[in-house]
$ cat work_30.pdb   # PDB, C-alpha atoms and all ligand atoms
ATOM      1  CA  MET A   9       7.943  -8.934  -1.394
ATOM      2  CA  TYR A  10      10.617  -7.416   0.755
ATOM      3  CA  GLY A  11      10.608  -8.200   4.465
ATOM      4  CA  LEU A  12       9.872  -4.545   5.183
ATOM      5  CA  ILE A  13       6.293  -5.222   4.036
ATOM      6  CA  ASN A  14       5.885  -8.336   6.209
ATOM      7  CA  ARG A  15       7.357  -6.507   9.195
ATOM      8  CA  ALA A  16       4.756  -3.794   8.720
ATOM      9  CA  VAL A  17       1.966  -6.427   8.592
ATOM     10  CA  LYS A  18       3.270  -7.711  11.920
ATOM     11  CA  GLY A  19       3.393  -4.149  13.272
ATOM     12  CA  LEU A  20      -0.203  -3.438  12.285
ATOM     13  CA  VAL A  21      -1.531  -6.693  13.772
ATOM     14  CA  THR A  22       0.397  -6.418  17.048
ATOM     15  CA  GLU A  23      -0.510  -2.736  17.547
ATOM     16  CA  GLN A  24      -4.211  -3.245  16.887
ATOM     17  CA  PHE A  25      -4.852  -6.812  18.079
ATOM     18  CA  GLY A  26      -1.888  -7.775  20.277
ATOM     19  CA  ILE A  27       1.047 -10.145  20.050
ATOM     20  CA  GLU A  28      -1.132 -13.243  20.699
ATOM     21  CA  ALA A  29      -3.199 -12.455  17.607
ATOM     22  CA  TRP A  30       0.012 -12.094  15.618
ATOM     23  CA  ASP A  31       1.276 -15.465  16.894
ATOM     24  CA  ARG A  32      -1.978 -17.153  15.851
ATOM     25  CA  ILE A  33      -1.875 -15.524  12.402
ATOM     26  CA  ARG A  34       1.794 -16.351  11.894
ATOM     27  CA  THR A  35       1.234 -19.960  12.932
ATOM     28  CA  ARG A  36      -1.833 -20.295  10.686
ATOM     29  CA  ALA A  37       0.251 -18.918   7.794
ATOM     30  CA  GLY A  38       2.808 -21.654   8.486
ATOM     31  CA  LEU A  39       5.645 -19.336   9.468
ATOM     32  CA  GLU A  40       8.393 -20.112  11.958
ATOM     33  CA  ASP A  41       8.799 -17.818  14.927
ATOM     34  CA  GLU A  42      11.383 -15.666  13.263
ATOM     35  CA  ASP A  43      11.571 -11.996  12.468
ATOM     36  CA  PHE A  44      11.484 -10.769   8.896
ATOM     37  CA  ILE A  45      14.576  -9.063   7.570
ATOM     38  CA  SER A  46      13.568  -5.749   5.983
ATOM     39  CA  MET A  47      16.089  -5.851   3.157
ATOM     40  CA  GLU A  48      15.557  -9.511   2.259
ATOM     41  CA  SER A  49      13.161 -10.468  -0.528
ATOM     42  CA  TYR A  50      10.520 -13.079   0.405
ATOM     43  CA  ASP A  51       8.202 -15.001  -1.858
ATOM     44  CA  ASP A  52       4.950 -13.087  -2.409
ATOM     45  CA  SER A  53       3.080 -16.107  -1.014
ATOM     46  CA  VAL A  54       4.362 -15.204   2.479
ATOM     47  CA  THR A  55       2.496 -11.890   2.384
ATOM     48  CA  TYR A  56      -0.623 -13.363   0.758
ATOM     49  CA  ASP A  57      -0.675 -16.211   3.307
ATOM     50  CA  LEU A  58      -0.396 -13.719   6.164
ATOM     51  CA  VAL A  59      -3.344 -11.712   4.833
ATOM     52  CA  ALA A  60      -5.403 -14.896   4.329
ATOM     53  CA  ALA A  61      -4.578 -16.095   7.871
ATOM     54  CA  ALA A  62      -5.477 -12.658   9.247
ATOM     55  CA  THR A  63      -8.908 -12.762   7.579
ATOM     56  CA  GLU A  64      -9.599 -16.085   9.306
ATOM     57  CA  GLU A  65      -8.196 -15.180  12.729
ATOM     58  CA  LEU A  66      -9.686 -11.678  12.871
ATOM     59  CA  GLY A  67     -12.940 -12.328  11.003
ATOM     60  CA  LEU A  68     -12.289  -9.412   8.666
ATOM     61  CA  SER A  69     -12.381  -9.354   4.872
ATOM     62  CA  ALA A  70      -9.134  -9.259   2.917
ATOM     63  CA  ASP A  71     -10.134  -5.852   1.526
ATOM     64  CA  THR A  72     -10.660  -4.462   5.047
ATOM     65  CA  ILE A  73      -7.215  -5.700   6.095
ATOM     66  CA  LEU A  74      -5.497  -4.459   2.933
ATOM     67  CA  GLU A  75      -7.089  -1.025   3.207
ATOM     68  CA  ALA A  76      -6.058  -0.734   6.862
ATOM     69  CA  PHE A  77      -2.571  -1.850   5.898
ATOM     70  CA  GLY A  78      -2.354   0.887   3.248
ATOM     71  CA  GLY A  79      -3.038   3.560   5.849
ATOM     72  CA  TYR A  80      -0.588   1.971   8.252
ATOM     73  CA  TRP A  81       2.124   1.722   5.570
ATOM     74  CA  VAL A  82       2.217   5.505   5.047
ATOM     75  CA  GLU A  83       2.783   6.037   8.780
ATOM     76  CA  TYR A  84       5.151   3.082   9.107
ATOM     77  CA  THR A  85       7.514   4.091   6.301
ATOM     78  CA  ALA A  86       7.578   7.660   7.639
ATOM     79  CA  VAL A  87       9.000   6.459  10.976
ATOM     80  CA  GLU A  88      11.074   3.531   9.657
ATOM     81  CA  GLY A  89      13.616   5.680   7.834
ATOM     82  CA  TYR A  90      11.774   6.655   4.665
ATOM     83  CA  GLY A  91      10.374   9.999   5.839
ATOM     84  CA  ALA A  92      12.758  12.017   3.688
ATOM     85  CA  LEU A  93      11.836   9.932   0.666
ATOM     86  CA  LEU A  94       8.158  10.575   1.331
ATOM     87  CA  ASP A  95       8.853  14.293   1.821
ATOM     88  CA  SER A  96      10.704  14.511  -1.480
ATOM     89  CA  ALA A  97       7.867  12.876  -3.431
ATOM     90  CA  GLY A  98       5.634  15.918  -3.233
ATOM     91  CA  SER A  99       4.146  18.593  -1.039
ATOM     92  CA  THR A 100       0.544  18.160  -2.188
ATOM     93  CA  LEU A 101      -1.543  15.029  -2.657
ATOM     94  CA  PRO A 102      -1.851  15.297  -6.474
ATOM     95  CA  GLU A 103       1.862  16.070  -6.821
ATOM     96  CA  PHE A 104       2.749  13.066  -4.677
ATOM     97  CA  LEU A 105       0.423  10.747  -6.611
ATOM     98  CA  SER A 106       1.967  11.858  -9.907
ATOM     99  CA  ASN A 107       5.456  11.055  -8.524
ATOM    100  CA  LEU A 108       4.765   7.510  -7.269
ATOM    101  CA  ASP A 109       6.791   5.803  -9.998
ATOM    102  CA  GLN A 110       9.817   8.055  -9.404
ATOM    103  CA  MET A 111       9.472   7.434  -5.671
ATOM    104  CA  HIS A 112       9.552   3.647  -6.147
ATOM    105  CA  ALA A 113      12.479   4.081  -8.551
ATOM    106  CA  ARG A 114      14.348   5.672  -5.655
ATOM    107  CA  VAL A 115      13.199   2.884  -3.325
ATOM    108  CA  LYS A 116      14.641   0.399  -5.847
ATOM    109  CA  LEU A 117      18.112   1.862  -5.293
ATOM    110  CA  ALA A 118      17.979   0.386  -1.780
ATOM    111  CA  PHE A 119      15.826  -2.662  -2.706
ATOM    112  CA  PRO A 120      17.297  -3.895  -6.022
ATOM    113  CA  ASP A 121      14.818  -6.773  -6.485
ATOM    114  CA  LEU A 122      11.839  -4.461  -6.052
ATOM    115  CA  LYS A 123       8.969  -5.160  -8.443
ATOM    116  CA  PRO A 124       7.022  -1.960  -7.928
ATOM    117  CA  PRO A 125       3.600  -1.186  -9.343
ATOM    118  CA  ARG A 126       3.158   1.578 -11.926
ATOM    119  CA  PHE A 127       0.709   4.442 -11.631
ATOM    120  CA  ARG A 128      -0.753   6.964 -14.034
ATOM    121  CA  ILE A 129      -2.963   9.996 -13.415
ATOM    122  CA  SER A 130      -5.840  11.089 -15.615
ATOM    123  CA  GLU A 131      -8.630  13.655 -15.334
ATOM    124  CA  SER A 132      -6.873  15.790 -12.745
ATOM    125  CA  THR A 133      -9.005  18.824 -11.845
ATOM    126  CA  GLU A 134      -9.669  21.068  -8.845
ATOM    127  CA  ALA A 135     -12.241  18.496  -7.694
ATOM    128  CA  GLY A 136     -10.106  15.367  -7.849
ATOM    129  CA  LEU A 137      -8.343  12.949 -10.171
ATOM    130  CA  THR A 138      -8.263   9.370 -11.412
ATOM    131  CA  LEU A 139      -5.336   7.166 -10.377
ATOM    132  CA  HIS A 140      -4.563   4.166 -12.598
ATOM    133  CA  TYR A 141      -2.747   1.211 -10.968
ATOM    134  CA  PHE A 142      -0.754  -1.390 -12.919
ATOM    135  CA  SER A 143       0.618  -4.275 -10.892
ATOM    136  CA  HIS A 144       2.298  -7.649 -11.354
ATOM    137  CA  ARG A 145       0.311  -8.790  -8.340
ATOM    138  CA  PRO A 146      -3.406  -9.620  -8.233
ATOM    139  CA  GLY A 147      -5.948  -8.643  -5.606
ATOM    140  CA  LEU A 148      -4.277  -5.602  -4.037
ATOM    141  CA  ALA A 149      -6.639  -2.816  -5.154
ATOM    142  CA  ALA A 150      -7.926  -2.255  -1.609
ATOM    143  CA  LEU A 151      -4.329  -1.675  -0.539
ATOM    144  CA  VAL A 152      -4.155   1.280  -2.925
ATOM    145  CA  THR A 153      -7.421   2.691  -1.520
ATOM    146  CA  GLY A 154      -5.849   2.642   1.953
ATOM    147  CA  LEU A 155      -2.586   4.105   0.689
ATOM    148  CA  VAL A 156      -4.365   7.003  -1.001
ATOM    149  CA  LYS A 157      -6.430   7.744   2.116
ATOM    150  CA  GLY A 158      -3.286   7.528   4.251
ATOM    151  CA  LEU A 159      -1.464   9.904   1.938
ATOM    152  CA  ALA A 160      -4.421  12.283   1.977
ATOM    153  CA  SER A 161      -4.361  12.494   5.770
ATOM    154  CA  ARG A 162      -0.586  13.021   5.610
ATOM    155  CA  PHE A 163      -1.436  16.204   3.699
ATOM    156  CA  GLY A 164      -4.350  17.073   5.978
ATOM    157  CA  ARG A 165      -6.827  16.261   3.220
ATOM    158  CA  GLU A 166      -9.897  14.077   3.094
ATOM    159  CA  VAL A 167     -10.794  12.104   0.001
ATOM    160  CA  LYS A 168     -13.466   9.782  -1.275
ATOM    161  CA  VAL A 169     -11.896   6.858  -3.157
ATOM    162  CA  THR A 170     -13.994   4.779  -5.561
ATOM    163  CA  PRO A 171     -12.251   1.803  -7.196
ATOM    164  CA  PHE A 172     -13.238   0.542 -10.639
ATOM    165  CA  ARG A 173     -11.869  -1.727 -13.361
ATOM    166  CA  THR A 174     -10.906  -0.142 -16.649
ATOM    167  CA  GLY A 175      -8.626  -0.688 -19.600
ATOM    168  CA  GLU A 176     -10.331  -0.212 -22.908
ATOM    169  CA  GLY A 177      -7.607   0.176 -25.490
ATOM    170  CA  GLU A 178      -4.870  -0.775 -23.042
ATOM    171  CA  GLU A 179      -4.179  -3.482 -20.480
ATOM    172  CA  ALA A 180      -7.039  -4.083 -18.020
ATOM    173  CA  HIS A 181      -6.252  -2.596 -14.631
ATOM    174  CA  ASP A 182      -7.685  -1.149 -11.422
ATOM    175  CA  ALA A 183      -8.294   2.566 -11.230
ATOM    176  CA  PHE A 184      -9.522   4.874  -8.480
ATOM    177  CA  LYS A 185     -11.703   7.934  -8.732
ATOM    178  CA  ILE A 186     -10.428  10.276  -6.054
ATOM    179  CA  ILE A 187     -12.633  13.189  -5.001
ATOM    180  CA  TYR A 188     -11.364  15.886  -2.627
ATOM    181  CA  VAL A 189     -14.254  15.982  -0.169
ATOM    182  CA  ASP A 190     -12.616  18.692   1.947
ATOM    183  CA  ILE A 191     -13.133  21.283  -0.789
ATOM    184  CA  ALA A 192     -16.621  22.706  -0.315
ATOM    185  CA  GLY A 193     -18.937  21.714  -3.105
ATOM    186  CA  SER A 194     -16.417  19.502  -4.890
ATOM    187  CA  GLU A 195     -18.209  16.229  -4.289
ATOM    188  CA  VAL A 196     -20.542  15.347  -7.096
TER     189      VAL A 196
HETATM  190  C1  LIG B   1       8.893   5.636   1.086
HETATM  191  C2  LIG B   1       7.824   4.887   1.184
HETATM  192  C3  LIG B   1       7.675   3.582   0.437
HETATM  193  C4  LIG B   1       8.526   2.522   0.377
HETATM  194  C5  LIG B   1       9.871   2.364   1.095
HETATM  195  C6  LIG B   1       7.898   1.525  -0.484
HETATM  196  C7  LIG B   1       8.421   0.279  -0.750
HETATM  197  C8  LIG B   1       7.717  -0.758  -1.297
HETATM  198  C9  LIG B   1       8.118  -2.142  -1.266
HETATM  199  C10 LIG B   1       9.414  -2.667  -0.631
HETATM  200  C11 LIG B   1       7.147  -2.857  -1.881
HETATM  201  C12 LIG B   1       7.123  -4.377  -2.101
HETATM  202  C13 LIG B   1       7.391  -4.693  -3.539
HETATM  203  C14 LIG B   1       8.475  -5.731  -3.719
HETATM  204  O1  LIG B   1       9.116  -6.140  -2.730
HETATM  205  O2  LIG B   1       8.701  -6.139  -4.886
HETATM  206  C15 LIG B   1       6.127  -1.925  -2.291
HETATM  207  C16 LIG B   1       4.970  -2.280  -2.937
HETATM  208  C17 LIG B   1       3.926  -1.424  -3.202
HETATM  209  N1  LIG B   1       3.926  -0.054  -3.060
HETATM  210 FE1  LIG B   1       5.395   1.013  -2.173
HETATM  211  N2  LIG B   1       6.709   2.000  -0.945
HETATM  212  C18 LIG B   1       6.519   3.239  -0.393
HETATM  213  C19 LIG B   1       5.441   4.057  -0.558
HETATM  214  C20 LIG B   1       4.327   3.770  -1.317
HETATM  215  C21 LIG B   1       3.209   4.652  -1.475
HETATM  216  C22 LIG B   1       3.050   6.032  -0.822
HETATM  217  C23 LIG B   1       2.334   4.035  -2.283
HETATM  218  C24 LIG B   1       1.036   4.676  -2.691
HETATM  219  C25 LIG B   1       0.277   4.340  -3.701
HETATM  220  C26 LIG B   1       2.886   2.717  -2.632
HETATM  221  C27 LIG B   1       2.280   1.736  -3.385
HETATM  222  C28 LIG B   1       2.689   0.409  -3.415
HETATM  223  C29 LIG B   1       1.840  -0.702  -3.832
HETATM  224  C30 LIG B   1       0.389  -0.628  -4.304
HETATM  225  C31 LIG B   1       2.622  -1.864  -3.691
HETATM  226  C32 LIG B   1       2.145  -3.315  -3.915
HETATM  227  C33 LIG B   1       2.941  -4.063  -4.925
HETATM  228  C34 LIG B   1       2.285  -4.299  -6.256
HETATM  229  O3  LIG B   1       1.190  -3.819  -6.576
HETATM  230  O4  LIG B   1       2.942  -4.998  -7.055
HETATM  231  N3  LIG B   1       4.114   2.614  -2.030
HETATM  232  N4  LIG B   1       6.500  -0.657  -1.939
END
$ encode --input "work_30.pdb" --output "structure tokens"
Amino acid sequence: MYGLINRAVKGLVTEQFGIEAWDRIRTRAGLEDEDFISMESYDDSVTYDLVAAATEELGLSADTILEAFGGYWVEYTAVEGYGALLDSAGSTLPEFLSNLDQMHARVKLAFPDLKPPRFRISESTEAGLTLHYFSHRPGLAALVTGLVKGLASRFGREVKVTPFRTGEGEEAHDAFKIIYVDIAGSEV
């Protein structure tokens, strides 16, 4: 994945646990003391190794770290030069979620080797929607949970996110039932 992602992992760890924790995680992941270049593509194993090292150093589950990273990513991209891109992707949570593929298509203009996930919406109602996630990469469902919650708070919303596996009649994939808990009476 692009260095931008690994830089954000470093940002999250150093902000929440300090630079010493980052140094221990980086060392455990077998990385030299060098900064990631945002626009350079790194092997996915770099990111996976960082997450694995963080679980061991911090005593947290991979899902806890990935979910926290999802929330952090929404804030990080907003201040790292992608705020306008985020703004243009939608002015409500459901609109934004339905534009995720177009948003990554625009990201790909700047990051040509991008291998973005694909998303699809189903069952969109006043009470919530289901977000379907198709990825080349395994094990990142909790990242999407954090991303959705981060996006919700960007729009001043609160959501309940329930992941599940699905895929009858199509390729098996992770999906997320998203309920708008800030609308009175919408939670079932
Ligand atoms: C403007 C903001 C954003 C930028 C610049 C951005 C960019 C990226 C980049 C560089 C990657 C790594 C993929 C690669 O290097 O091949 C990535 C992956 C990913 N992005 Fe975004 N992204 C943004 C916003 C979002 C949002 C709001 C979501 C919400 C669902 C999202 C969902 C994901 C997921 C789940 C992945 C993991 C890769 C996978 O499943 O294969 N991104 N994005």
$ closest_residue --input "work_30.pdb" --among "A:Glu28, A:Asp52, A:Glu65, A:Glu176" --to "ligand LIG 1 (chain B)" --atoms "all atoms listed in the file"
A:Asp52
$ closest_residue --input "work_30.pdb" --among "A:Val82, A:Leu66, A:His181, A:Ser46" --to "Gly147 (chain A)" --atoms "all atoms listed in the file"
A:His181
$ resolve_selection --input "work_30.pdb" --expression "the PyMOL selection byres (((chain A and resi 184) around 9) and not hetatm)" --output "list in words"
Leu137, Thr138, Leu139, His140, Tyr141, Ala149, Val152, Thr153, Val169, Thr170, Pro171, Phe172, Arg173, Asp182, Ala183, Lys185 and Ile186 of chain A
$ residues_around --input "work_30.pdb" --residues "region 122-129 of chain A" --least-positions-apart "3" --cutoff "10 Å" --atoms "all atoms listed in the file" --output "PyMOL selection string"
chain A and resi 9-10+49+102+105-113+115-119+132+137-145+183-184
$ atom_distance --input "work_30.pdb" --atom1 "CA of Phe77 (chain A)" --atom2 "CA of Leu20 (chain A)"
7.0 Å
$ atom_distance --input "work_30.pdb" --atom1 "atom O3 of ligand LIG 1 (chain B)" --atom2 "CA of Thr35 (chain A)"
25.3 Å
$ closest_residue --input "work_30.pdb" --among "A:Gly67, A:Gly154, A:Gly19, A:Gly175" --to "ligand LIG 1 (chain B)" --atoms "only C-alpha atoms and all ligand atoms"
A:Gly154
